[in-house]
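What follows is start_17.csv (CSV, C-alpha atoms).
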chain,number,residue,atom,x,y,z
I,166,MET,CA,12.6,52.3,32.3
I,167,LYS,CA,13.1,48.6,31.8
I,168,ILE,CA,16.8,47.7,32.3
I,169,ALA,CA,18.6,44.4,31.8
I,170,PHE,CA,21.9,43.3,33.2
I,171,VAL,CA,23.7,40.6,31.1
I,172,GLY,CA,27.2,39.1,30.9
I,173,LYS,CA,29.1,35.9,31.1
I,174,GLY,CA,29.0,33.8,34.3
I,175,GLY,CA,31.3,35.2,37.0
I,176,SER,CA,31.5,38.7,35.4
I,177,GLY,CA,29.8,40.3,38.4
I,178,LYS,CA,26.5,40.8,36.6
I,179,THR,CA,24.4,40.1,39.7
I,180,THR,CA,26.5,42.1,42.0
I,181,LEU,CA,26.3,45.2,39.8
I,182,SER,CA,22.6,44.8,39.2
I,183,SER,CA,22.1,44.6,43.0
I,184,LEU,CA,24.2,47.7,43.5
I,185,PHE,CA,22.2,49.6,40.8
I,186,ILE,CA,19.0,48.5,42.5
I,187,ARG,CA,20.3,49.8,45.9
I,188,HIS,CA,21.3,53.1,44.2
I,189,LEU,CA,17.8,53.6,42.7
I,190,ALA,CA,16.1,52.7,46.0
I,191,ALA,CA,18.3,55.3,47.7
I,192,THR,CA,17.0,58.0,45.4
I,193,GLY,CA,13.4,57.1,46.4
I,194,ALA,CA,12.5,55.7,43.0
I,195,PRO,CA,10.0,52.9,42.7
I,196,VAL,CA,11.8,49.7,41.7
I,197,VAL,CA,10.7,46.2,40.6
I,198,ALA,CA,13.7,43.9,40.7
I,199,ILE,CA,13.5,40.6,38.8
I,200,ASP,CA,15.9,37.6,39.1
I,201,ALA,CA,15.7,35.9,35.7
I,202,ASP,CA,19.0,34.1,36.0
I,203,ILE,CA,19.2,30.3,36.2
I,204,ASN,CA,21.4,30.8,39.3
I,205,GLN,CA,19.1,32.7,41.7
I,206,HIS,CA,21.5,35.0,43.5
I,207,LEU,CA,19.9,38.4,43.3
I,208,GLY,CA,18.0,38.0,46.7
I,209,PRO,CA,21.2,37.3,48.6
I,210,ALA,CA,23.0,40.1,46.8
I,211,LEU,CA,20.2,42.4,48.1
I,212,GLY,CA,20.9,41.2,51.6
I,213,LEU,CA,18.5,38.3,52.1
I,214,ASP,CA,19.9,35.3,53.8
I,215,GLU,CA,19.7,31.9,52.1
I,216,ALA,CA,16.6,30.8,54.0
I,217,GLU,CA,14.8,34.0,53.1
I,218,ALA,CA,15.8,33.8,49.5
I,219,ALA,CA,14.6,30.2,49.4
I,220,THR,CA,11.1,31.2,50.4
I,221,LEU,CA,10.6,33.8,47.6
I,222,PRO,CA,7.6,32.8,45.5
I,223,ALA,CA,8.6,31.5,42.1
I,224,MET,CA,6.9,33.3,39.1
I,225,GLY,CA,7.1,30.1,37.1
I,226,GLU,CA,5.0,28.2,39.6
I,227,ARG,CA,2.3,31.0,39.5
I,228,LEU,CA,2.1,31.2,35.7
I,229,PRO,CA,-1.7,30.2,35.6
I,230,LEU,CA,-2.5,33.1,38.0
I,231,ILE,CA,-0.4,35.5,35.9
I,232,LYS,CA,-2.0,34.4,32.7
I,233,ASP,CA,-5.5,34.6,34.1
I,234,TYR,CA,-5.0,38.2,35.4
I,235,LEU,CA,-3.3,39.5,32.3
I,236,ARG,CA,-5.8,37.9,29.9
I,237,GLY,CA,-8.6,40.1,31.4
I,238,SER,CA,-11.5,40.3,29.0
I,239,ASN,CA,-9.4,40.1,25.8
I,240,PRO,CA,-11.7,38.4,23.4
I,241,ARG,CA,-8.8,37.2,21.2
I,242,ILE,CA,-7.5,34.9,23.9
I,243,VAL,CA,-9.9,32.1,24.1
I,244,SER,CA,-8.4,30.6,27.3
I,245,THR,CA,-5.3,30.9,29.5
I,246,GLU,CA,-4.2,27.5,28.2
I,247,THR,CA,-3.6,29.2,24.8
I,248,MET,CA,-1.4,31.9,26.3
I,249,ILE,CA,2.3,31.4,25.7
I,250,LYS,CA,5.3,33.5,26.9
I,251,THR,CA,5.1,35.8,23.9
I,252,THR,CA,1.3,36.4,23.9
I,253,PRO,CA,0.9,40.2,23.4
I,254,PRO,CA,-1.7,42.3,25.0
I,255,GLY,CA,-4.8,43.6,23.2
I,256,GLU,CA,-8.1,45.4,23.8
I,257,GLY,CA,-9.4,44.1,27.2
I,258,SER,CA,-6.0,42.8,28.5
I,259,ARG,CA,-4.9,43.9,31.9
I,260,LEU,CA,-1.7,45.8,32.1
I,261,LEU,CA,0.9,46.1,34.9
I,262,ARG,CA,2.2,49.3,36.3
I,263,VAL,CA,5.3,49.7,38.5
I,264,ARG,CA,3.7,51.6,41.3
I,265,GLU,CA,0.4,49.8,41.6
I,266,ASP,CA,-0.8,46.9,43.7
I,267,ASN,CA,-2.3,44.0,41.8
I,268,PRO,CA,-2.8,40.2,42.1
I,269,VAL,CA,0.5,39.4,40.2
I,270,TYR,CA,2.6,41.4,42.6
I,271,ASP,CA,0.6,40.0,45.6
I,272,ALA,CA,1.4,36.5,44.5
I,273,CYS,CA,4.9,36.9,43.1
I,274,ALA,CA,6.6,40.0,44.6
I,275,ARG,CA,8.0,40.5,48.0
I,276,PRO,CA,9.2,43.8,49.5
I,277,VAL,CA,12.9,43.9,50.3
I,278,GLU,CA,14.0,46.6,52.8
I,279,LEU,CA,17.2,48.3,51.9
I,280,ASP,CA,19.0,51.0,53.9
I,281,GLY,CA,18.0,53.4,51.2
I,282,GLY,CA,14.4,52.3,50.7
I,283,THR,CA,12.2,49.4,49.7
I,284,VAL,CA,12.0,47.5,46.4
I,285,ARG,CA,9.7,44.8,45.0
I,286,LEU,CA,11.6,41.6,44.3
I,287,MET,CA,10.4,38.9,42.0
I,288,VAL,CA,12.2,35.7,41.0
I,289,THR,CA,11.6,33.1,38.3
I,290,GLY,CA,12.5,30.3,40.7
I,291,PRO,CA,15.5,27.9,40.6
I,292,PHE,CA,16.1,25.1,38.1
I,293,THR,CA,15.5,22.0,40.2
I,294,ASP,CA,16.3,18.3,40.0
I,295,ALA,CA,12.8,17.7,38.8
I,296,ASP,CA,13.4,19.9,35.8
I,297,LEU,CA,16.5,17.9,34.6
I,298,GLY,CA,15.9,16.3,31.3
I,299,VAL,CA,12.3,17.4,31.0
I,300,ALA,CA,12.3,21.2,31.0
I,301,CYS,CA,14.1,24.2,29.6
I,302,TYR,CA,15.0,27.1,31.8
I,303,HIS,CA,13.2,29.4,29.3
I,304,SER,CA,10.0,27.7,30.4
I,305,LYS,CA,10.6,29.5,33.7
I,306,THR,CA,11.6,32.9,32.3
I,307,GLY,CA,8.5,32.8,30.2
I,308,ALA,CA,6.6,34.3,33.1
I,309,VAL,CA,9.0,37.2,33.1
I,310,GLU,CA,8.6,37.8,29.4
I,311,LEU,CA,4.8,37.6,29.6
I,312,CYS,CA,4.8,40.3,32.4
I,313,LEU,CA,7.2,42.5,30.4
I,314,ASN,CA,4.9,42.3,27.4
I,315,HIS,CA,2.0,43.6,29.6
I,316,LEU,CA,4.0,46.2,31.5
I,317,VAL,CA,3.6,50.0,31.0
I,318,ASP,CA,6.3,51.9,32.9
I,319,GLY,CA,6.8,55.7,33.0
I,320,PRO,CA,9.6,58.1,33.7
I,321,ASP,CA,11.4,57.7,37.0
I,322,GLU,CA,10.0,54.1,37.3
I,323,TYR,CA,12.5,51.2,37.1
I,324,VAL,CA,12.2,47.5,36.3
I,325,VAL,CA,15.7,45.9,36.7
I,326,VAL,CA,16.1,42.4,35.4
I,327,ASP,CA,19.2,40.2,36.2
I,328,MET,CA,19.2,38.1,33.1
I,329,THR,CA,20.6,34.6,32.6
I,330,ALA,CA,24.3,34.5,31.8
I,331,GLY,CA,25.9,34.5,28.3
I,332,SER,CA,23.8,34.7,25.1
I,333,ASP,CA,21.0,32.5,26.4
I,334,SER,CA,18.7,35.6,26.4
I,335,PHE,CA,18.4,35.3,22.6
I,336,ALA,CA,16.5,32.0,22.9
I,337,SER,CA,13.4,34.2,23.1
I,338,GLY,CA,12.5,37.7,22.2
I,339,MET,CA,13.0,39.0,25.8
I,340,PHE,CA,16.2,40.7,24.8
I,341,THR,CA,14.1,43.3,23.0
I,342,ARG,CA,11.9,44.1,26.0
I,343,PHE,CA,14.3,46.6,27.5
I,344,ASP,CA,15.0,50.3,27.1
I,345,ILE,CA,18.7,49.7,27.8
I,346,THR,CA,20.9,46.6,28.3
I,347,PHE,CA,24.0,46.9,30.5
I,348,LEU,CA,26.5,44.2,29.5
I,349,VAL,CA,29.0,43.5,32.3
I,350,ALA,CA,32.4,42.6,30.9
I,351,GLU,CA,35.7,41.8,32.5
I,352,PRO,CA,38.9,43.0,30.7
I,353,THR,CA,39.6,39.6,29.2
I,354,ARG,CA,39.0,37.9,25.8
I,355,LYS,CA,36.3,35.8,27.4
I,356,GLY,CA,34.9,38.8,29.1
I,357,VAL,CA,34.3,40.6,25.8
I,358,SER,CA,33.2,37.5,23.8
I,359,VAL,CA,29.6,37.8,25.1
I,360,TYR,CA,29.6,41.4,24.1
I,361,ARG,CA,30.4,40.5,20.5
I,362,GLN,CA,27.7,37.9,20.5
I,363,TYR,CA,25.1,40.3,22.0
I,364,LYS,CA,26.1,43.1,19.7
I,365,GLU,CA,25.7,40.9,16.6
I,366,TYR,CA,22.4,39.4,17.6
I,367,ALA,CA,20.9,42.7,18.7
I,368,ARG,CA,22.0,44.7,15.7
I,369,ASP,CA,18.8,44.3,13.8
I,370,PHE,CA,16.4,45.1,16.7
I,371,GLY,CA,17.5,48.5,17.8
I,372,VAL,CA,18.7,47.3,21.2
I,373,THR,CA,20.5,50.0,23.2
I,374,LEU,CA,23.6,48.3,24.6
I,375,LYS,CA,26.2,49.7,26.9
I,376,VAL,CA,29.2,48.0,28.5
I,377,VAL,CA,30.1,48.2,32.2
I,378,GLY,CA,33.7,47.2,32.6
I,379,ASN,CA,34.1,45.3,35.9
I,380,LYS,CA,37.2,44.2,37.8
I,381,VAL,CA,39.2,46.9,36.1
I,382,GLN,CA,42.5,47.3,37.9
I,383,GLY,CA,44.5,49.8,35.9
I,384,ASP,CA,45.1,51.7,32.7
I,385,ASP,CA,46.0,48.5,30.8
I,386,ASP,CA,42.6,47.0,31.6
I,387,LEU,CA,40.9,50.2,30.6
I,388,ALA,CA,42.8,50.4,27.3
I,389,PHE,CA,41.9,46.8,26.5
I,390,LEU,CA,38.2,47.4,27.0
I,391,ARG,CA,38.2,50.6,25.0
I,392,ALA,CA,40.0,48.8,22.2
I,393,GLU,CA,37.5,45.9,22.2
I,394,VAL,CA,34.1,47.6,22.7
I,395,GLY,CA,34.8,51.2,21.6
I,396,ASP,CA,32.1,53.8,22.4
I,397,ASP,CA,29.8,51.2,23.9
I,398,LEU,CA,32.0,51.3,27.0
I,399,LEU,CA,30.0,53.5,29.4
I,400,VAL,CA,31.8,53.2,32.7
I,401,THR,CA,34.2,50.9,34.6
I,402,VAL,CA,34.2,49.6,38.2
I,403,GLY,CA,37.2,48.4,40.1
I,404,HIS,CA,37.8,46.7,43.4
I,405,SER,CA,35.3,47.4,46.2
I,406,ASP,CA,35.8,46.8,49.9
I,407,TRP,CA,32.1,47.5,50.3
I,408,VAL,CA,31.2,44.6,47.9
I,409,ARG,CA,33.7,42.3,49.6
I,410,ALA,CA,32.0,43.0,53.0
I,411,LEU,CA,28.7,42.3,51.3
I,412,GLU,CA,29.9,38.9,50.0
I,413,LYS,CA,30.9,38.1,53.6
I,414,GLY,CA,27.4,38.8,54.7
I,415,ARG,CA,28.4,42.0,56.5
I,416,PRO,CA,27.4,44.9,54.2
I,417,PRO,CA,28.0,48.4,55.5
I,418,ARG,CA,25.5,51.1,55.0
I,419,PHE,CA,25.1,51.8,51.3
I,420,GLU,CA,26.1,55.4,51.7
I,421,LEU,CA,29.6,54.1,52.5
I,422,LEU,CA,30.1,52.6,49.1
I,423,GLU,CA,33.2,54.1,47.5
I,424,ASP,CA,32.7,57.5,45.8
I,425,ALA,CA,33.9,56.2,42.5
I,426,ASN,CA,31.4,53.4,42.5
I,427,HIS,CA,28.6,55.8,43.5
I,428,ARG,CA,29.5,57.9,40.5
I,429,ALA,CA,29.5,54.9,38.2
I,430,LEU,CA,26.0,53.9,39.4
I,431,SER,CA,24.8,57.5,38.8
I,432,ARG,CA,26.2,57.2,35.2
I,433,LEU,CA,24.1,54.1,34.7
I,434,GLN,CA,21.0,55.8,35.9
I,435,SER,CA,21.6,58.8,33.7
I,436,ALA,CA,22.1,56.5,30.7
I,437,ALA,CA,18.9,54.7,31.5
I,438,ASP,CA,16.9,57.9,32.0
I,439,ALA,CA,18.1,59.2,28.6
I,440,THR,CA,16.4,56.3,26.8
I,441,TYR,CA,13.0,57.4,27.9
I,442,GLU,CA,12.9,60.3,25.4
I,443,LEU,CA,13.8,57.8,22.7
I,444,ARG,CA,11.1,55.2,23.5
I,445,ASP,CA,9.1,54.0,20.6
I,446,TRP,CA,6.0,52.1,21.8
I,447,GLU,CA,5.0,51.2,18.2
I,448,ARG,CA,8.3,49.5,17.5
I,449,TYR,CA,8.2,47.9,20.9
I,450,THR,CA,4.7,46.4,20.0
I,451,ARG,CA,5.9,45.4,16.5
I,452,GLN,CA,8.8,43.5,18.0
I,453,MET,CA,6.5,41.8,20.5
I,454,VAL,CA,4.2,40.7,17.7
I,455,HIS,CA,7.1,39.6,15.6
I,456,PHE,CA,8.4,37.2,18.2
I,457,HIS,CA,5.0,36.0,19.1
I,458,LEU,CA,4.2,35.0,15.5
I,459,LYS,CA,7.7,33.3,15.2
I,460,ASN,CA,7.1,31.3,18.4
I,461,ALA,CA,3.5,30.5,17.3
I,462,GLN,CA,4.7,29.0,14.1
I,463,SER,CA,7.7,27.1,15.4
I,464,TRP,CA,6.0,25.4,18.4
I,465,GLY,CA,3.1,27.4,20.0
I,466,ASN,CA,0.3,26.4,17.6
I,467,GLU,CA,1.2,22.8,17.8
I,468,ARG,CA,1.5,22.8,21.6
I,469,THR,CA,-1.7,24.7,22.3
I,470,GLY,CA,-3.8,23.4,19.4
I,471,ALA,CA,-4.8,26.9,18.5
I,472,ASP,CA,-3.9,29.5,15.8
I,473,LEU,CA,-2.0,31.9,18.1
I,474,ALA,CA,-1.7,34.5,15.3
I,475,ALA,CA,-5.3,35.2,16.0
I,476,GLN,CA,-4.2,36.6,19.4
I,477,VAL,CA,-2.7,39.6,17.7
I,478,ASP,CA,-4.8,42.8,17.9
I,479,PRO,CA,-3.7,44.8,14.9
I,480,SER,CA,-5.0,48.1,16.2
I,481,PHE,CA,-3.4,47.8,19.6
I,482,VAL,CA,-0.2,49.7,20.6
I,483,LEU,CA,1.1,49.3,24.1
I,484,GLY,CA,1.8,52.6,25.9
I,485,GLU,CA,0.9,55.0,28.6
I,486,SER,CA,-2.0,56.3,26.5
I,487,VAL,CA,-3.6,52.9,26.8
I,488,VAL,CA,-3.4,53.0,30.5
I,489,ALA,CA,-4.8,56.5,30.6
I,490,THR,CA,-7.8,55.5,28.4
I,491,ALA,CA,-8.5,52.4,30.5

Structure rendered as C-alpha cells:
Amino acid sequence: MKIAFVGKGGSGKTTLSSLFIRHLAATGAPVVAIDADINQHLGPALGLDEAEAATLPAMGERLPLIKDYLRGSNPRIVSTETMIKTTPPGEGSRLLRVREDNPVYDACARPVELDGGTVRLMVTGPFTDADLGVACYHSKTGAVELCLNHLVDGPDEYVVVDMTAGSDSFASGMFTRFDITFLVAEPTRKGVSVYRQYKEYARDFGVTLKVVGNKVQGDDDLAFLRAEVGDDLLVTVGHSDWVRALEKGRPPRFELLEDANHRALSRLQSAADATYELRDWERYTRQMVHFHLKNAQSWGNERTGADLAAQVDPSFVLGESVVATA
C-alpha cells in the first residue's frame, strides 16, 4: 500500500508518520519510507542523528540515474532528457517493487535499523541556499513522483511518504498516487483548515482521506474534531511521554509506547490494508496519464522540446499483472 501523511506545519505529521513506520517495521512488514517534506525531519524522527541524516543521498540529485533506469527499453521515451516528473511507464519501462534490490534503491535508499526491524529510507534532499530564487521545491519531489508512477506494490508491502506541509501537494498530481492519505489535524481552526482544502481538491479524484486527530487532550477536543471532519476522523492521539523522550534523543524501546497509541497505529494499518481490495489500477493509470498530459501542455513540451503526449502508451495499465508478465 502507498500511504501519505499530510497536514499543516507543526501538526505532528512527521512524528506520526515515523511512529507508523516503526509500527509496520515491528510487524515484520517490508517498508520503504520517503521524506518528501521541504523540511527533512523524517530521518531524525526515525532515530538518526543530525550528522547521519545529513549524509542521506538526495533523490533529486540522482534524478538522471532514476530516469535512465526507469526508462528501460520503452520506445516511446526517446531520451531521459524528455522524461519529466509525470512521465508514465509503458511497454519496456522498468518498474520498481518494494522488496527487490535495484539501482534506484542502491543509489537513493539507506537501511535504517529500528528496534522492531529495518526499513529503507529515501529522501528528496533539503531545499538549499543555492535553490533560493531559481528552483521550486516541486523540482525535488519530482523524483518521488516519478518513482511512484513506476512502483508496483502488493498486499502487506508499504510505501510511506511524509509529504510537504499544507496543500502544496496539489501543485502536482502526486496527491493521487496513494491508496490512502492520513491528514494529521490538531483540534483548532487552523488545524482543520488544511483538511477542508484537501477534501475539496481531492473530491474529484477518488482520494481516500482519513483524519488523525493529534494533540487531543480531552472530550472537548474530540467533540470539536468530530464536528469539523465528521466520519473522516479515524483515530486520535494524545500526549505521549514516549514521543517526548524521542524528541530529546532518548527514545525507549518501541514496545514501551503507550498502549493507546499502539492501538491507534494498528487502526491506521487496518485502514490502509482495507484499501487494497478497492485498488483500481486502471483508474490509477488514467490519473497518471491525465496529469502527465496536463503538465506536458502547460510546461513540459516547451521545456523539453518534445511532444510528451507521445510518451503515453494507450494499451498499458500499471499493475501486478505487468510485473508477472515481465

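Minimum atom-to-atom distance to Leu286 in chain I, evaluated using all atoms listed in the file, belongs to I:Ala198 out of I:Arg361, I:Phe185, I:Ala198, I:Asp384.
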
*Spatial neighbours of Gly378 in chain I, 9 Å, only C-alpha atoms, chain gap at least 6 places, as a list of chain:residue names*: I:Leu348, I:Val349, I:Ala350, I:Glu351, I:Pro352, I:Asp386, I:Leu387, I:Leu390, I:Leu398, I:Leu399, I:Val400, I:Thr401, I:Val402, I:Gly403

*At what distance in Å, to one decimal, does CA of Lys375 in chain I lie from CA of Gly175 in chain I?*
18.4 Å

_Between CA of Thr251 in chain I and CA of Val326 in chain I, what is the distance in Å, rounded to a tenth?_
17.2 Å

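With distances taken over all atoms listed in the file, I:Val377 is the one residue among I:Ala274, I:Val377, I:Val197, I:Val317 lying closest to Arg432 in chain I.
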
*Using all atoms listed in the file, which of the listed residues (I:Gly255, I:Pro209, I:Pro195, I:Gly177) sits closest to Gly484 in chain I?*
I:Gly255

Range 383-471 of chain I near range 277-284 of chain I within 10 Å: what's each residue's closest atom pair and its distance in Å to one decimal, counting all atoms listed in the file, ordered by chain then ascending residue number, as a Markdown table?
| residue | atom | partner | partner_atom | distance |
| --- | --- | --- | --- | --- |
| I:Pro417 | CA | I:Asp280 | CA | 9.5 |
| I:Arg418 | CA | I:Asp280 | CA | 6.6 |
| I:Phe419 | CA | I:Asp280 | CA | 6.7 |
| I:Glu420 | CA | I:Gly281 | CA | 8.4 |

_Between CA of Leu443 in chain I and CA of Tyr323 in chain I, what is the distance in Å, rounded to a tenth?_
15.9 Å

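Among the candidate residues I:Thr247, I:Thr289, I:Ser238, I:Ser176, the one lying nearest to Ala219 in chain I is I:Thr289, with distances computed using all atoms listed in the file.
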
*Considering all atoms listed in the file, return as a PyMOL selection string whatever protein or nucleic-acid residues lie within 10 Å of Arg448 in chain I, sequence-local ones (same chain, fewer than 2 positions apart) excluded.*
chain I and resi 370-371+444-446+450-454+482-483

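Shortest separation to Asp472 in chain I among I:Ser405, I:Thr252, I:Ser486, I:Thr179 occurs at residue I:Thr252, atoms counted being all atoms listed in the file.
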
*Name the residues in contact with Phe170 in chain I at a cut-off of 12 Å, using all atoms listed in the file, excluding same-chain residues fewer than 5 positions from it; report them as a ChimeraX atom specification.*
/I:176-186,198-202,207,324-332,334,340,343-350,374-377,433,437

Next, the residues of the selection above should be written as a PDB file, in the frame of the given file with C-alpha atoms.
ATOM      1  CA  SER I 176      31.500  38.700  35.400  1.00  0.00           C
ATOM      2  CA  GLY I 177      29.800  40.300  38.400  1.00  0.00           C
ATOM      3  CA  LYS I 178      26.500  40.800  36.600  1.00  0.00           C
ATOM      4  CA  THR I 179      24.400  40.100  39.700  1.00  0.00           C
ATOM      5  CA  THR I 180      26.500  42.100  42.000  1.00  0.00           C
ATOM      6  CA  LEU I 181      26.300  45.200  39.800  1.00  0.00           C
ATOM      7  CA  SER I 182      22.600  44.800  39.200  1.00  0.00           C
ATOM      8  CA  SER I 183      22.100  44.600  43.000  1.00  0.00           C
ATOM      9  CA  LEU I 184      24.200  47.700  43.500  1.00  0.00           C
ATOM     10  CA  PHE I 185      22.200  49.600  40.800  1.00  0.00           C
ATOM     11  CA  ILE I 186      19.000  48.500  42.500  1.00  0.00           C
ATOM     12  CA  ALA I 198      13.700  43.900  40.700  1.00  0.00           C
ATOM     13  CA  ILE I 199      13.500  40.600  38.800  1.00  0.00           C
ATOM     14  CA  ASP I 200      15.900  37.600  39.100  1.00  0.00           C
ATOM     15  CA  ALA I 201      15.700  35.900  35.700  1.00  0.00           C
ATOM     16  CA  ASP I 202      19.000  34.100  36.000  1.00  0.00           C
ATOM     17  CA  LEU I 207      19.900  38.400  43.300  1.00  0.00           C
ATOM     18  CA  VAL I 324      12.200  47.500  36.300  1.00  0.00           C
ATOM     19  CA  VAL I 325      15.700  45.900  36.700  1.00  0.00           C
ATOM     20  CA  VAL I 326      16.100  42.400  35.400  1.00  0.00           C
ATOM     21  CA  ASP I 327      19.200  40.200  36.200  1.00  0.00           C
ATOM     22  CA  MET I 328      19.200  38.100  33.100  1.00  0.00           C
ATOM     23  CA  THR I 329      20.600  34.600  32.600  1.00  0.00           C
ATOM     24  CA  ALA I 330      24.300  34.500  31.800  1.00  0.00           C
ATOM     25  CA  GLY I 331      25.900  34.500  28.300  1.00  0.00           C
ATOM     26  CA  SER I 332      23.800  34.700  25.100  1.00  0.00           C
ATOM     27  CA  SER I 334      18.700  35.600  26.400  1.00  0.00           C
ATOM     28  CA  PHE I 340      16.200  40.700  24.800  1.00  0.00           C
ATOM     29  CA  PHE I 343      14.300  46.600  27.500  1.00  0.00           C
ATOM     30  CA  ASP I 344      15.000  50.300  27.100  1.00  0.00           C
ATOM     31  CA  ILE I 345      18.700  49.700  27.800  1.00  0.00           C
ATOM     32  CA  THR I 346      20.900  46.600  28.300  1.00  0.00           C
ATOM     33  CA  PHE I 347      24.000  46.900  30.500  1.00  0.00           C
ATOM     34  CA  LEU I 348      26.500  44.200  29.500  1.00  0.00           C
ATOM     35  CA  VAL I 349      29.000  43.500  32.300  1.00  0.00           C
ATOM     36  CA  ALA I 350      32.400  42.600  30.900  1.00  0.00           C
ATOM     37  CA  LEU I 374      23.600  48.300  24.600  1.00  0.00           C
ATOM     38  CA  LYS I 375      26.200  49.700  26.900  1.00  0.00           C
ATOM     39  CA  VAL I 376      29.200  48.000  28.500  1.00  0.00           C
ATOM     40  CA  VAL I 377      30.100  48.200  32.200  1.00  0.00           C
ATOM     41  CA  LEU I 433      24.100  54.100  34.700  1.00  0.00           C
ATOM     42  CA  ALA I 437      18.900  54.700  31.500  1.00  0.00           C
TER      43      ALA I 437
END

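These residues, each with an atom at most 8 Å from (18.1, 30.5, 41.7) using all atoms listed in the file, are Asp200, Asp202, Ile203, Asn204, Gln205, His206, Val288, Thr289, Gly290, Pro291 and Phe292 of chain I.
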
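Minimum atom-to-atom distances from I:Ala436, I:Gly193, I:Pro320, I:Asp385 to Thr373 in chain I were compared using all atoms listed in the file, and the lowest value belongs to I:Ala436.
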
*Test item: residues at most 7 Å from range 258-263 of chain I, only C-alpha atoms, excluding those fewer than 3 positions along its chain, as a PyMOL selection string*: chain I and resi 197+234-239+254-255+315-318+322

How would range 226-238 of chain I read, as a PDB file, in the coordinates of the input, once N, CA, C and O atoms are built in?
ATOM      1  N   GLU I 226       5.958  29.083  38.980  1.00  0.00           N
ATOM      2  CA  GLU I 226       5.000  28.200  39.600  1.00  0.00           C
ATOM      3  C   GLU I 226       3.603  28.917  39.727  1.00  0.00           C
ATOM      4  O   GLU I 226       2.611  28.267  40.066  1.00  0.00           O
ATOM      5  N   ARG I 227       3.563  30.205  39.436  1.00  0.00           N
ATOM      6  CA  ARG I 227       2.300  31.000  39.500  1.00  0.00           C
ATOM      7  C   ARG I 227       1.873  31.457  38.130  1.00  0.00           C
ATOM      8  O   ARG I 227       1.110  32.409  38.011  1.00  0.00           O
ATOM      9  N   LEU I 228       2.361  30.772  37.111  1.00  0.00           N
ATOM     10  CA  LEU I 228       2.100  31.200  35.700  1.00  0.00           C
ATOM     11  C   LEU I 228       0.559  31.151  35.437  1.00  0.00           C
ATOM     12  O   LEU I 228       0.071  32.067  34.762  1.00  0.00           O
ATOM     13  N   PRO I 229      -0.221  30.145  35.894  1.00  0.00           N
ATOM     14  CA  PRO I 229      -1.700  30.200  35.600  1.00  0.00           C
ATOM     15  C   PRO I 229      -2.330  31.457  36.179  1.00  0.00           C
ATOM     16  O   PRO I 229      -3.181  32.058  35.512  1.00  0.00           O
ATOM     17  N   LEU I 230      -1.946  31.868  37.384  1.00  0.00           N
ATOM     18  CA  LEU I 230      -2.500  33.100  38.000  1.00  0.00           C
ATOM     19  C   LEU I 230      -2.108  34.304  37.134  1.00  0.00           C
ATOM     20  O   LEU I 230      -2.944  35.191  36.869  1.00  0.00           O
ATOM     21  N   ILE I 231      -0.838  34.366  36.729  1.00  0.00           N
ATOM     22  CA  ILE I 231      -0.400  35.500  35.900  1.00  0.00           C
ATOM     23  C   ILE I 231      -1.147  35.576  34.624  1.00  0.00           C
ATOM     24  O   ILE I 231      -1.611  36.641  34.221  1.00  0.00           O
ATOM     25  N   LYS I 232      -1.311  34.442  33.960  1.00  0.00           N
ATOM     26  CA  LYS I 232      -2.000  34.400  32.700  1.00  0.00           C
ATOM     27  C   LYS I 232      -3.487  34.858  32.879  1.00  0.00           C
ATOM     28  O   LYS I 232      -4.029  35.646  32.093  1.00  0.00           O
ATOM     29  N   ASP I 233      -4.124  34.337  33.911  1.00  0.00           N
ATOM     30  CA  ASP I 233      -5.500  34.600  34.100  1.00  0.00           C
ATOM     31  C   ASP I 233      -5.738  36.140  34.361  1.00  0.00           C
ATOM     32  O   ASP I 233      -6.685  36.739  33.840  1.00  0.00           O
ATOM     33  N   TYR I 234      -4.824  36.750  35.134  1.00  0.00           N
ATOM     34  CA  TYR I 234      -5.000  38.200  35.400  1.00  0.00           C
ATOM     35  C   TYR I 234      -4.701  38.994  34.135  1.00  0.00           C
ATOM     36  O   TYR I 234      -5.480  39.901  33.800  1.00  0.00           O
ATOM     37  N   LEU I 235      -3.626  38.701  33.425  1.00  0.00           N
ATOM     38  CA  LEU I 235      -3.300  39.500  32.300  1.00  0.00           C
ATOM     39  C   LEU I 235      -4.257  39.312  31.112  1.00  0.00           C
ATOM     40  O   LEU I 235      -4.474  40.238  30.326  1.00  0.00           O
ATOM     41  N   ARG I 236      -4.852  38.159  31.017  1.00  0.00           N
ATOM     42  CA  ARG I 236      -5.800  37.900  29.900  1.00  0.00           C
ATOM     43  C   ARG I 236      -6.990  38.894  30.027  1.00  0.00           C
ATOM     44  O   ARG I 236      -7.461  39.429  29.014  1.00  0.00           O
ATOM     45  N   GLY I 237      -7.455  39.156  31.246  1.00  0.00           N
ATOM     46  CA  GLY I 237      -8.600  40.100  31.400  1.00  0.00           C
ATOM     47  C   GLY I 237      -9.767  39.677  30.625  1.00  0.00           C
ATOM     48  O   GLY I 237     -10.202  38.520  30.672  1.00  0.00           O
ATOM     49  N   SER I 238     -10.312  40.606  29.839  1.00  0.00           N
ATOM     50  CA  SER I 238     -11.500  40.300  29.000  1.00  0.00           C
ATOM     51  C   SER I 238     -11.108  40.362  27.517  1.00  0.00           C
ATOM     52  O   SER I 238     -11.967  40.613  26.672  1.00  0.00           O
TER      53      SER I 238
END
